[in-house]
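Text of work.txt, listed as compact mmCIF, C-alpha atoms:
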```
# COMPACT_ATOMS: atom_id res chain seq x y z
CA MET A 1 -6.14 16.76 27.29
CA GLU A 2 -6.36 13.02 27.53
CA GLU A 3 -6.06 11.19 24.25
CA PRO A 4 -9.12 9.19 23.16
CA ALA A 5 -8.89 5.46 23.45
CA ARG A 6 -7.92 3.64 20.29
CA ARG A 7 -10.55 1.66 18.46
CA VAL A 8 -9.29 -1.82 17.70
CA THR A 9 -10.89 -2.90 14.44
CA ASP A 10 -8.14 -4.59 12.46
CA PRO A 11 -7.42 -8.26 13.30
CA ASP A 12 -3.75 -7.40 13.84
CA ASP A 13 -4.78 -4.68 16.30
CA VAL A 14 -6.98 -7.19 18.13
CA VAL A 15 -4.06 -9.60 18.45
CA GLY A 16 -1.77 -6.76 19.56
CA ALA A 17 -4.22 -5.58 22.21
CA TYR A 18 -4.67 -9.14 23.50
CA THR A 19 -0.89 -9.65 23.66
CA TRP A 20 -0.43 -6.38 25.55
CA ALA A 21 -3.18 -7.32 28.01
CA ARG A 22 -1.54 -10.69 28.66
CA SER A 23 1.94 -9.16 29.05
CA PHE A 24 0.61 -6.64 31.59
CA ARG A 25 -0.62 -9.48 33.77
CA ILE A 26 3.06 -10.25 34.33
CA TRP A 27 3.52 -6.76 35.77
CA ASP A 28 0.47 -7.33 37.99
CA THR A 29 1.99 -10.54 39.30
CA TYR A 30 5.40 -8.92 39.71
CA PHE A 31 3.97 -5.98 41.67
CA ALA A 32 1.95 -8.33 43.90
CA LEU A 33 4.96 -10.53 44.65
CA ILE A 34 7.24 -7.58 45.47
CA TRP A 35 4.56 -6.04 47.69
CA LEU A 36 3.97 -9.34 49.52
CA ALA A 37 7.69 -9.94 50.02
CA THR A 38 8.15 -6.40 51.34
CA LEU A 39 5.29 -6.87 53.81
CA VAL A 40 6.81 -10.15 55.04
CA PHE A 41 10.22 -8.51 55.50
CA VAL A 42 8.71 -5.53 57.33
CA LEU A 43 6.70 -7.67 59.74
CA GLY A 44 9.43 -10.26 60.20
CA THR A 45 12.39 -7.98 60.97
CA ALA A 46 13.70 -7.75 64.50
CA ASN A 47 14.02 -3.97 64.64
CA PRO A 48 12.35 -1.60 65.27
CA GLY A 49 9.52 -2.60 67.57
CA TRP A 50 6.05 -3.83 66.69
CA PRO A 51 4.28 -0.46 66.73
CA VAL A 52 6.71 0.98 64.18
CA ARG A 53 6.59 -2.10 61.99
CA LEU A 54 2.79 -2.14 62.07
CA ALA A 55 2.74 1.54 61.10
CA ALA A 56 5.11 0.83 58.17
CA ALA A 57 2.98 -2.13 57.10
CA ALA A 58 -0.18 -0.03 57.34
CA LEU A 59 1.38 2.49 54.94
CA LEU A 60 2.05 -0.31 52.46
CA VAL A 61 -1.54 -1.59 52.40
CA PRO A 62 -3.03 1.37 50.40
CA LEU A 63 -0.47 0.75 47.65
CA ILE A 64 -2.55 -2.20 46.41
CA PRO A 65 -5.84 -0.34 45.72
CA LEU A 66 -3.85 2.68 44.50
CA PHE A 67 -2.11 0.52 41.92
CA VAL A 68 -5.23 -1.42 40.87
CA TRP A 69 -7.63 1.51 40.56
CA VAL A 70 -5.30 4.36 39.58
CA GLY A 71 -1.85 3.20 38.50
CA ARG A 72 -2.78 0.20 36.39
CA PRO A 73 -5.18 2.07 34.02
CA ILE A 74 -2.63 4.87 33.63
CA LEU A 75 0.26 2.51 32.90
CA ARG A 76 -1.78 0.64 30.31
CA GLY A 77 -2.31 3.83 28.31
CA ASP A 78 -0.65 3.97 24.91
CA PRO A 79 1.19 6.13 25.73
CA PRO A 80 0.43 6.81 29.43
CA GLU A 81 -0.85 10.30 30.21
CA GLU A 82 2.21 11.80 31.93
CA ARG A 83 0.40 14.29 34.16
CA GLN A 84 -1.85 11.60 35.61
CA ALA A 85 1.11 9.23 35.94
CA LEU A 86 3.07 11.87 37.86
CA GLY A 87 0.18 12.32 40.29
CA TYR A 88 -0.08 8.57 40.80
CA LEU A 89 3.66 8.20 41.49
CA VAL A 90 3.64 11.11 43.92
CA ALA A 91 0.81 9.43 45.85
CA ALA A 92 2.66 6.10 45.80
CA MET A 93 5.88 7.74 47.06
CA ALA A 94 3.91 9.53 49.78
CA LEU A 95 3.01 6.09 51.14
CA PHE A 96 6.31 4.39 50.37
CA LEU A 97 8.84 6.94 51.68
CA PRO A 98 7.52 7.22 55.29
CA SER A 99 7.32 3.43 55.50
CA ALA A 100 10.85 3.05 54.09
CA ILE A 101 12.19 5.64 56.57
CA LEU A 102 10.56 3.83 59.50
CA VAL A 103 11.68 0.34 58.45
CA GLY A 104 14.64 -0.14 56.12
CA GLU A 105 13.32 -3.43 54.75
CA THR A 106 10.53 -1.47 53.02
CA ARG A 107 13.12 -0.38 50.46
CA LEU A 108 12.53 -3.72 48.72
CA MET A 109 9.42 -2.03 47.28
CA THR A 110 11.81 0.03 45.18
CA PHE A 111 11.97 -2.84 42.66
CA ALA A 112 8.23 -2.45 42.01
CA LEU A 113 8.09 1.36 41.84
CA VAL A 114 11.18 2.08 39.73
CA PRO A 115 9.93 0.26 36.59
CA GLN A 116 6.67 2.21 36.77
CA CYS A 117 8.62 5.49 36.66
CA PHE A 118 10.28 4.49 33.38
CA MET A 119 7.02 3.12 31.99
CA SER A 120 5.02 6.31 32.50
CA LEU A 121 7.37 9.34 32.64
CA ARG A 122 9.78 10.99 30.29
CA ILE A 123 13.41 10.24 30.85
CA ARG A 124 14.32 13.31 32.93
CA ARG A 125 11.33 13.05 35.27
CA ALA A 126 11.80 9.31 35.50
CA LEU A 127 15.45 9.71 36.56
CA THR A 128 14.46 12.28 39.18
CA ALA A 129 11.75 10.04 40.61
CA VAL A 130 14.11 7.03 40.65
CA ALA A 131 16.76 9.05 42.51
CA VAL A 132 14.20 10.09 45.15
CA ILE A 133 12.94 6.52 45.57
CA ASN A 134 16.46 5.14 46.02
CA LEU A 135 18.20 7.84 48.08
CA ALA A 136 15.50 9.54 50.17
CA PRO A 137 14.64 6.43 52.27
CA VAL A 138 18.29 5.91 53.27
CA ALA A 139 18.77 9.57 54.16
CA GLY A 140 15.53 9.72 56.16
CA TRP A 141 16.25 6.38 57.89
CA ALA A 142 19.74 7.58 58.93
CA LEU A 143 18.41 10.89 60.29
CA LEU A 144 15.56 9.21 62.17
CA TRP A 145 17.38 6.30 63.81
CA TRP A 146 21.01 7.47 63.87
CA PRO A 147 22.49 4.03 63.15
CA SER A 148 26.19 3.24 63.21
CA ASP A 149 28.49 4.67 60.57
CA GLN A 150 29.02 1.19 59.16
CA ASP A 151 25.28 0.64 58.69
CA VAL A 152 24.90 4.04 57.08
CA PHE A 153 27.81 3.32 54.73
CA PHE A 154 26.55 -0.07 53.59
CA ASN A 155 22.96 1.07 53.23
CA GLY A 156 24.06 4.18 51.32
CA LEU A 157 26.33 2.09 49.07
CA PHE A 158 23.48 -0.32 48.41
CA ALA A 159 21.20 2.61 47.55
CA VAL A 160 23.76 4.08 45.13
CA VAL A 161 24.35 0.73 43.41
CA THR A 162 20.59 0.22 43.13
CA LEU A 163 20.23 3.72 41.69
CA VAL A 164 22.94 3.15 39.08
CA PHE A 165 21.48 -0.21 38.13
CA SER A 166 17.98 1.27 37.90
CA VAL A 167 19.15 4.17 35.72
CA ALA A 168 21.17 1.94 33.40
CA LEU A 169 18.45 -0.67 33.00
CA GLY A 170 15.64 1.88 32.78
CA THR A 171 17.45 3.99 30.18
CA TRP A 172 18.15 0.90 28.13
CA VAL A 173 14.52 -0.18 28.33
CA ILE A 174 13.30 3.28 27.32
CA ARG A 175 15.60 3.28 24.29
CA ILE A 176 14.23 -0.10 23.29
CA ILE A 177 10.66 1.15 23.71
CA GLU A 178 11.41 4.25 21.62
CA GLN A 179 12.97 2.12 18.89
CA SER A 180 9.98 -0.21 18.99
CA GLN A 181 7.61 2.73 18.66
CA GLU A 182 9.62 4.12 15.76
CA ARG A 183 9.58 0.75 14.06
CA ALA A 184 5.87 0.40 14.70
CA GLU A 185 5.28 3.81 13.08
CA LEU A 186 7.51 2.82 10.17
CA ILE A 187 5.65 -0.45 9.75
CA ALA A 188 2.34 1.43 9.84
CA GLU A 189 3.62 3.85 7.19
CA LEU A 190 4.88 0.99 5.05
CA ASP A 191 1.58 -0.81 5.43
CA ALA A 192 -0.31 2.34 4.45
CA SER A 193 2.05 2.80 1.49
CA ARG A 194 1.52 -0.81 0.48
CA HIS A 195 -2.25 -0.36 0.52
CA GLU A 196 -1.92 2.90 -1.43
CA VAL A 197 0.34 1.23 -4.02
CA SER A 198 -2.14 -1.64 -4.28
CA ARG A 199 -5.01 0.81 -4.73
CA LEU A 200 -3.14 2.84 -7.35
CA SER A 201 -2.08 -0.35 -9.13
CA ALA A 202 -5.69 -1.54 -9.25
CA ALA A 203 -6.83 1.89 -10.45
CA HIS A 204 -4.08 1.97 -13.08
CA GLY A 205 -4.99 -1.53 -14.21
CA ALA A 206 -8.65 -0.58 -14.49
CA LEU A 207 -7.76 2.58 -16.42
CA ALA A 208 -5.47 0.63 -18.75
CA GLU A 209 -8.20 -1.94 -19.33
CA ARG A 210 -10.74 0.80 -20.07
CA GLU A 211 -8.33 2.39 -22.54
CA ARG A 212 -7.71 -0.98 -24.18
CA MET A 213 -11.42 -1.67 -24.50
CA ALA A 214 -12.01 1.84 -25.84
CA ARG A 215 -9.36 1.30 -28.54
CA GLU A 216 -10.80 -2.11 -29.40
CA ILE A 217 -14.33 -0.70 -29.71
CA HIS A 218 -13.10 2.25 -31.75
CA ASP A 219 -11.04 0.06 -34.09
CA THR A 220 -13.81 -2.52 -34.60
CA LEU A 221 -17.41 -1.72 -33.71
CA ALA A 222 -17.30 2.05 -34.18
CA GLN A 223 -15.60 1.74 -37.57
CA GLY A 224 -18.03 -0.99 -38.60
CA PHE A 225 -21.01 1.17 -37.73
CA THR A 226 -19.43 4.07 -39.63
CA SER A 227 -19.04 1.81 -42.66
CA LEU A 228 -22.67 0.75 -42.37
CA LEU A 229 -23.84 4.36 -42.31
CA MET A 230 -21.76 5.22 -45.37
CA LEU A 231 -23.05 2.16 -47.21
CA VAL A 232 -26.64 3.09 -46.33
CA GLN A 233 -26.06 6.52 -47.85
CA ALA A 234 -24.56 4.94 -50.97
CA VAL A 235 -27.48 2.53 -51.36
CA GLU A 236 -30.00 5.38 -51.02
CA ALA A 237 -28.22 7.24 -53.82
CA GLU A 238 -28.00 4.11 -56.07
CA LEU A 239 -31.51 2.63 -55.72
CA ASP A 240 -33.01 4.81 -58.47
CA HIS A 241 -30.35 4.43 -61.20
CA ASP A 242 -27.91 1.59 -60.31
CA VAL A 243 -29.73 -1.31 -58.67
CA SER A 244 -26.90 -3.81 -59.21
CA GLN A 245 -24.43 -1.54 -57.43
CA ALA A 246 -26.95 -1.00 -54.64
CA ARG A 247 -27.32 -4.76 -54.24
CA ARG A 248 -23.54 -5.14 -54.07
CA HIS A 249 -23.43 -2.51 -51.35
CA LEU A 250 -26.28 -4.25 -49.53
CA ALA A 251 -24.29 -7.48 -49.58
CA LEU A 252 -21.32 -5.56 -48.24
CA MET A 253 -23.55 -4.12 -45.49
CA ASP A 254 -24.62 -7.65 -44.57
CA GLU A 255 -20.99 -8.80 -44.41
CA THR A 256 -19.97 -5.75 -42.34
CA ALA A 257 -22.85 -6.25 -39.89
CA ARG A 258 -21.98 -9.94 -39.45
CA LEU A 259 -18.34 -9.05 -38.93
CA ASN A 260 -19.30 -6.41 -36.33
CA LEU A 261 -21.38 -9.01 -34.51
CA ALA A 262 -18.43 -11.41 -34.53
CA GLU A 263 -16.13 -8.66 -33.27
CA ALA A 264 -18.57 -7.85 -30.45
CA ARG A 265 -18.68 -11.49 -29.41
CA ALA A 266 -14.89 -11.70 -29.55
CA LEU A 267 -14.58 -8.62 -27.32
CA VAL A 268 -17.00 -10.08 -24.76
CA ALA A 269 -15.18 -13.42 -24.81
CA GLY A 270 -11.78 -11.73 -24.62
CA GLY A 271 -10.60 -13.39 -27.84
CA GLY A 272 -8.75 -12.07 -30.84
CA PRO A 273 -10.16 -10.15 -33.82
CA ALA A 274 -12.84 -11.93 -35.80
CA ASP A 275 -10.92 -11.36 -39.06
CA LEU A 276 -8.02 -13.45 -37.71
CA ALA A 277 -10.21 -16.30 -36.48
CA GLY A 278 -8.98 -19.34 -38.43
CA ALA A 279 -7.22 -17.17 -40.99
CA SER A 280 -3.77 -15.76 -41.64
CA LEU A 281 -2.91 -12.07 -41.49
CA PRO A 282 -2.70 -11.71 -45.32
CA ASP A 283 -6.15 -13.32 -45.67
CA ALA A 284 -7.61 -10.95 -43.05
CA LEU A 285 -6.07 -7.96 -44.83
CA ARG A 286 -7.43 -9.15 -48.19
CA ARG A 287 -10.97 -9.22 -46.78
CA LEU A 288 -10.40 -5.84 -45.17
CA ALA A 289 -9.05 -4.41 -48.46
CA ALA A 290 -12.06 -5.75 -50.35
CA ARG A 291 -14.47 -4.04 -47.99
CA HIS A 292 -12.65 -0.75 -48.43
CA GLU A 293 -12.03 -1.18 -52.20
CA ALA A 294 -8.27 -1.12 -51.66
CA THR A 295 -5.41 -3.15 -53.15
CA LEU A 296 -3.11 -5.41 -51.16
CA GLU A 297 0.52 -6.25 -51.86
CA VAL A 298 2.41 -8.79 -49.77
CA THR A 299 6.22 -8.89 -49.85
CA GLY A 300 8.72 -11.19 -48.23
CA PRO A 301 8.41 -14.83 -47.21
CA LEU A 302 5.12 -15.52 -45.46
CA ARG A 303 5.31 -17.32 -42.11
CA PRO A 304 3.10 -17.71 -39.04
CA LEU A 305 3.69 -15.07 -36.37
CA PRO A 306 2.60 -14.63 -32.73
CA ALA A 307 -0.89 -13.26 -32.28
CA GLY A 308 0.30 -9.98 -30.72
CA PRO A 309 2.03 -8.42 -33.77
CA GLU A 310 -0.68 -9.67 -36.14
CA VAL A 311 -3.46 -8.12 -34.04
CA VAL A 312 -1.62 -4.78 -33.85
CA ALA A 313 -0.96 -4.82 -37.61
CA LEU A 314 -4.61 -5.57 -38.36
CA ARG A 315 -5.92 -2.88 -35.98
CA ALA A 316 -3.47 -0.31 -37.37
CA CYS A 317 -4.62 -1.10 -40.90
CA GLN A 318 -8.28 -0.81 -39.86
CA GLU A 319 -7.64 2.58 -38.26
CA ALA A 320 -5.71 3.89 -41.27
CA LEU A 321 -8.43 2.74 -43.71
CA ALA A 322 -11.16 4.27 -41.55
CA ASN A 323 -9.30 7.60 -41.54
CA THR A 324 -8.89 7.36 -45.30
CA ARG A 325 -12.61 6.81 -45.80
CA LYS A 326 -13.53 9.72 -43.52
CA HIS A 327 -10.91 12.29 -44.48
CA ALA A 328 -9.15 11.49 -47.78
CA GLY A 329 -12.00 12.58 -50.04
CA SER A 330 -13.46 10.80 -53.09
CA PRO A 331 -12.50 9.34 -55.51
CA THR A 332 -9.40 7.97 -53.78
CA SER A 333 -7.01 5.15 -54.61
CA VAL A 334 -5.94 3.17 -51.54
CA GLY A 335 -3.17 0.60 -51.35
CA ILE A 336 -2.01 -1.68 -48.55
CA THR A 337 1.46 -3.19 -48.36
CA LEU A 338 2.31 -6.02 -45.97
CA GLY A 339 6.00 -6.80 -45.69
CA TYR A 340 7.75 -9.69 -43.95
CA THR A 341 11.45 -9.61 -43.02
CA ASP A 342 13.48 -11.70 -40.61
CA ASP A 343 12.83 -9.48 -37.58
CA THR A 344 10.18 -6.95 -38.66
CA LEU A 345 6.58 -6.96 -39.79
CA THR A 346 5.64 -3.84 -41.76
CA VAL A 347 2.17 -2.73 -42.81
CA SER A 348 1.67 0.44 -44.84
CA VAL A 349 -1.56 2.13 -45.93
CA ARG A 350 -1.32 4.85 -48.57
CA ASP A 351 -3.89 6.96 -50.38
CA ASP A 352 -3.79 9.76 -52.94
CA GLY A 353 -6.42 11.85 -51.16
CA CYS A 354 -6.38 15.45 -50.05
CA GLY A 355 -3.78 14.89 -47.31
CA PHE A 356 -3.29 17.00 -44.20
CA ASP A 357 -0.67 18.53 -41.95
CA PRO A 358 0.24 15.86 -39.32
CA SER A 359 1.64 18.46 -36.90
CA ALA A 360 -1.74 20.22 -36.77
CA VAL A 361 -3.75 17.10 -35.87
CA GLY A 362 -4.56 16.23 -32.23
CA THR A 363 -6.20 13.16 -30.86
CA GLY A 364 -9.53 13.92 -32.53
CA ALA A 365 -12.92 14.38 -31.00
CA ASP A 366 -13.07 10.83 -29.73
CA GLY A 367 -9.48 10.71 -28.56
CA TYR A 368 -8.74 7.37 -30.30
CA GLY A 369 -7.54 8.29 -33.79
CA LEU A 370 -3.90 8.32 -34.81
CA ALA A 371 -2.95 8.78 -31.16
CA GLY A 372 -4.65 5.47 -30.29
CA LEU A 373 -2.89 3.80 -33.23
CA ARG A 374 0.50 5.06 -32.04
CA ALA A 375 -0.22 3.99 -28.44
CA ARG A 376 -1.12 0.47 -29.55
CA VAL A 377 2.02 0.18 -31.69
CA VAL A 378 4.30 1.54 -28.95
CA GLU A 379 2.88 -0.98 -26.46
CA ALA A 380 3.91 -3.72 -28.89
CA GLY A 381 7.44 -2.28 -29.10
CA GLY A 382 7.06 -0.95 -32.62
CA THR A 383 6.98 2.40 -34.39
CA ALA A 384 4.25 4.25 -36.29
CA GLN A 385 4.99 6.90 -38.91
CA VAL A 386 2.50 9.19 -40.65
CA ARG A 387 3.58 11.01 -43.79
CA SER A 388 1.20 13.48 -45.34
CA ALA A 389 0.90 16.96 -46.76
CA PRO A 390 -2.05 18.97 -48.06
CA GLY A 391 -2.85 17.72 -51.58
CA ALA A 392 -0.18 15.00 -51.50
CA GLY A 393 -2.04 12.04 -49.99
CA THR A 394 -1.25 10.16 -46.80
CA THR A 395 0.91 7.15 -45.90
CA VAL A 396 0.70 5.39 -42.54
CA THR A 397 3.54 2.94 -41.90
CA VAL A 398 3.74 0.63 -38.89
CA ARG A 399 6.80 -1.48 -38.10
CA LEU A 400 6.60 -4.21 -35.48
CA PRO A 401 9.35 -6.44 -34.10
CA VAL A 402 8.77 -10.16 -34.64
CA PRO A 403 10.80 -13.24 -33.71
CA PRO A 404 13.17 -14.43 -36.46
CA PRO A 405 12.15 -17.49 -38.43
CA ARG A 406 13.33 -20.85 -37.21
CA SER A 407 16.15 -22.29 -39.24
CA SER A 408 15.40 -25.69 -40.77
CA PRO A 409 17.67 -28.59 -39.66
```

Once you've parsed the file, please lay out its structure as C-alpha cells.
Amino acid sequence: MEEPARRVTDPDDVVGAYTWARSFRIWDTYFALIWLATLVFVLGTANPGWPVRLAAAALLVPLIPLFVWVGRPILRGDPPEERQALGYLVAAMALFLPSAILVGETRLMTFALVPQCFMSLRIRRALTAVAVINLAPVAGWALLWWPSDQDVFFNGLFAVVTLVFSVALGTWVIRIIEQSQERAELIAELDASRHEVSRLSAAHGALAERERMAREIHDTLAQGFTSLLMLVQAVEAELDHDVSQARRHLALMDETARLNLAEARALVAGGGPADLAGASLPDALRRLAARHEATLEVTGPLRPLPAGPEVVALRACQEALANTRKHAGSPTSVGITLGYTDDTLTVSVRDDGCGFDPSAVGTGADGYGLAGLRARVVEAGGTAQVRSAPGAGTTVTVRLPVPPPRSSP
C-alpha cells in the first residue's frame, strides 16, 4: 500500500520541503543534459548507418515523458515506493537496452539511470539493476555486431570499471542517506523529548505554584477565618455575662479581619506576609502570640535575616498555633521560643494540651497540616520536629539555616 503524503505544517518542514524541491531540480537538469548528450552522440557517430541510429534515437525519446510523468513523482517520494520504482526502471531499461545494443554511444545514458536505481531501490535490487545497465549493453552489442576482439575488450573493460565505480559510489551514497535518515529520526525524537520535557516542566511548575498558593492560603486566610469563627463563638457566649471580655474579643476579631485582608492583598501582589511588612520577625511573633494568648521568649543576639527563613519561621509558627487552638483542648498554656545562633534560626511552639500520637497522624482532611509545615521547612533546607504524646502536650520545633553574622571591622 502506498504511504499517504506527508502534511507539511511546521515551518521547519516547509523549509525542508522547499529545499528538497530545489535540490531535485538539479537532478532534472542532470537527467536532461545526459539525455541530450547521449542523443547527440548517437546521431553524430559514424557507425552504424542512419536507419540504425535513428531507431536508437527513437528509443531514447520516450525516456523524457517516462521520467517526467512516472519516474520523477516516484523518486520524489519520501521514501520512494519500491514496487512502483521497480516498474519504472524496468520500463526505462526496456527502452535503454535495445538502443544501447544498437549503438554503443547510447551507454552514456548509464550515468543518468544508475543514480535513479540507488535513489529508489534497496541495495540488493539496486546492485542487480546497475549490473544489468552496465553489462547487458556491451554483451548485446558484441553479439549483434561481432566487433573486433580489441573493441570487445576495451568496451567490456570500460563497462566493468563503470560498474565498479557505480557500485562504490552508490553504496557510499546509500550509507550516507541511511545515516541522514537515522539522524533525522534521532533529531525528531530529541525534539519530541524536548517538547515533552518542556510540557512536563511547565506542568510541574504550575503544580508547584498551586501547592505553594494552597499552603499560603491555608497558613494565612484559612487560619484567620478559623480564628474569626472561634472568636464569634466566644463573643456569643460572653455577651450576656462578660461584656468587657466580649468587647476585647470583638477588637481581636477586627484586628484578625484586617490582618486577613492584608494577607489576601499580599498574596495577590506576590509580596511577603503582612505581619512582616515593616516589622522584624520578633515583632511579628509578638503580635501573633498576643492574638493566640501565648507567651514569647527570644534568645540569642537579634539580627536582620533574609526574608526566606523569616517567612518560613512565621508560617511554621502560625501553623503550630492553629493546630494548638484546634486540637490541644482548653484551657491550654502556649509558649513560643525564638532562638538566634550564628548559623541557625530556631522557632519552637509548645503547649500543655491533650497531645497526640505523631505516628498516627496523616496529612489531615485538607492535606496542608503538619505535612505542609514539613514541606515548607524542607524546601528552605531546614528540619521540622514534632514531639507529642497523649496527655503530655505537644512541641513543634523548626530549625532553619541562616547566613552567619557579618564580623565588624

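Residue nearest Leu54 of chain A, chosen from A:Leu33, A:Leu231, A:Leu66, A:Leu39 and counting only C-alpha atoms: A:Leu39.
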
* Asked: Mind pulling up the distance from atom CA of Ser120 of chain A to atom CA of Leu163 of chain A?
  ->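 Atom CA of Leu163 of chain A sits 18.0 Å away from atom CA of Ser120 of chain A.
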
* Asked: Which residues come within 6 Å of Asn134 of chain A, counting only C-alpha atoms, excluding same-chain residues fewer than 2 positions away, as a PyMOL selection string?
  -> chain A and resi 131-132+159+163

* Asked: Looking at A:Leu400, A:Ala237, A:Ile174, A:Ala264, which one is nearest to Val312 of chain A, with distances taken over all atoms listed in the file?
  ->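 Closest candidate: A:Leu400.
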
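As for atom CA of Gly391 of chain A and atom CA of Gly335 of chain A, they are spaced 17.1 Å apart.
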
* Asked: Using all atoms listed in the file, which residues sit within 8 Å of segment 373-381 of chain A once same-chain residues fewer than 6 positions away are excluded, as a PyMOL selection string?
  -> chain A and resi 308-309+312+315-316+319+398+400-401

Preceding selection exported with C-alpha atoms as an mmCIF file, in the frame of the given file:
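So part24.cif came out as:
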```cif
data_model
loop_
_atom_site.group_PDB
_atom_site.id
_atom_site.type_symbol
_atom_site.label_atom_id
_atom_site.label_comp_id
_atom_site.auth_asym_id
_atom_site.auth_seq_id
_atom_site.Cartn_x
_atom_site.Cartn_y
_atom_site.Cartn_z
ATOM 1 C CA GLY A 308 0.300 -9.980 -30.720
ATOM 2 C CA PRO A 309 2.030 -8.420 -33.770
ATOM 3 C CA VAL A 312 -1.620 -4.780 -33.850
ATOM 4 C CA ARG A 315 -5.920 -2.880 -35.980
ATOM 5 C CA ALA A 316 -3.470 -0.310 -37.370
ATOM 6 C CA GLU A 319 -7.640 2.580 -38.260
ATOM 7 C CA VAL A 398 3.740 0.630 -38.890
ATOM 8 C CA LEU A 400 6.600 -4.210 -35.480
ATOM 9 C CA PRO A 401 9.350 -6.440 -34.100
#
```

* If I put a ball of radius 10 Å at (-0.9, 12.1, -47.5) in the file's coordinates, which residues poke into it when counting all atoms listed in the file, written as a PyMOL selection string? -> chain A and resi 324+328+350-358+386-396
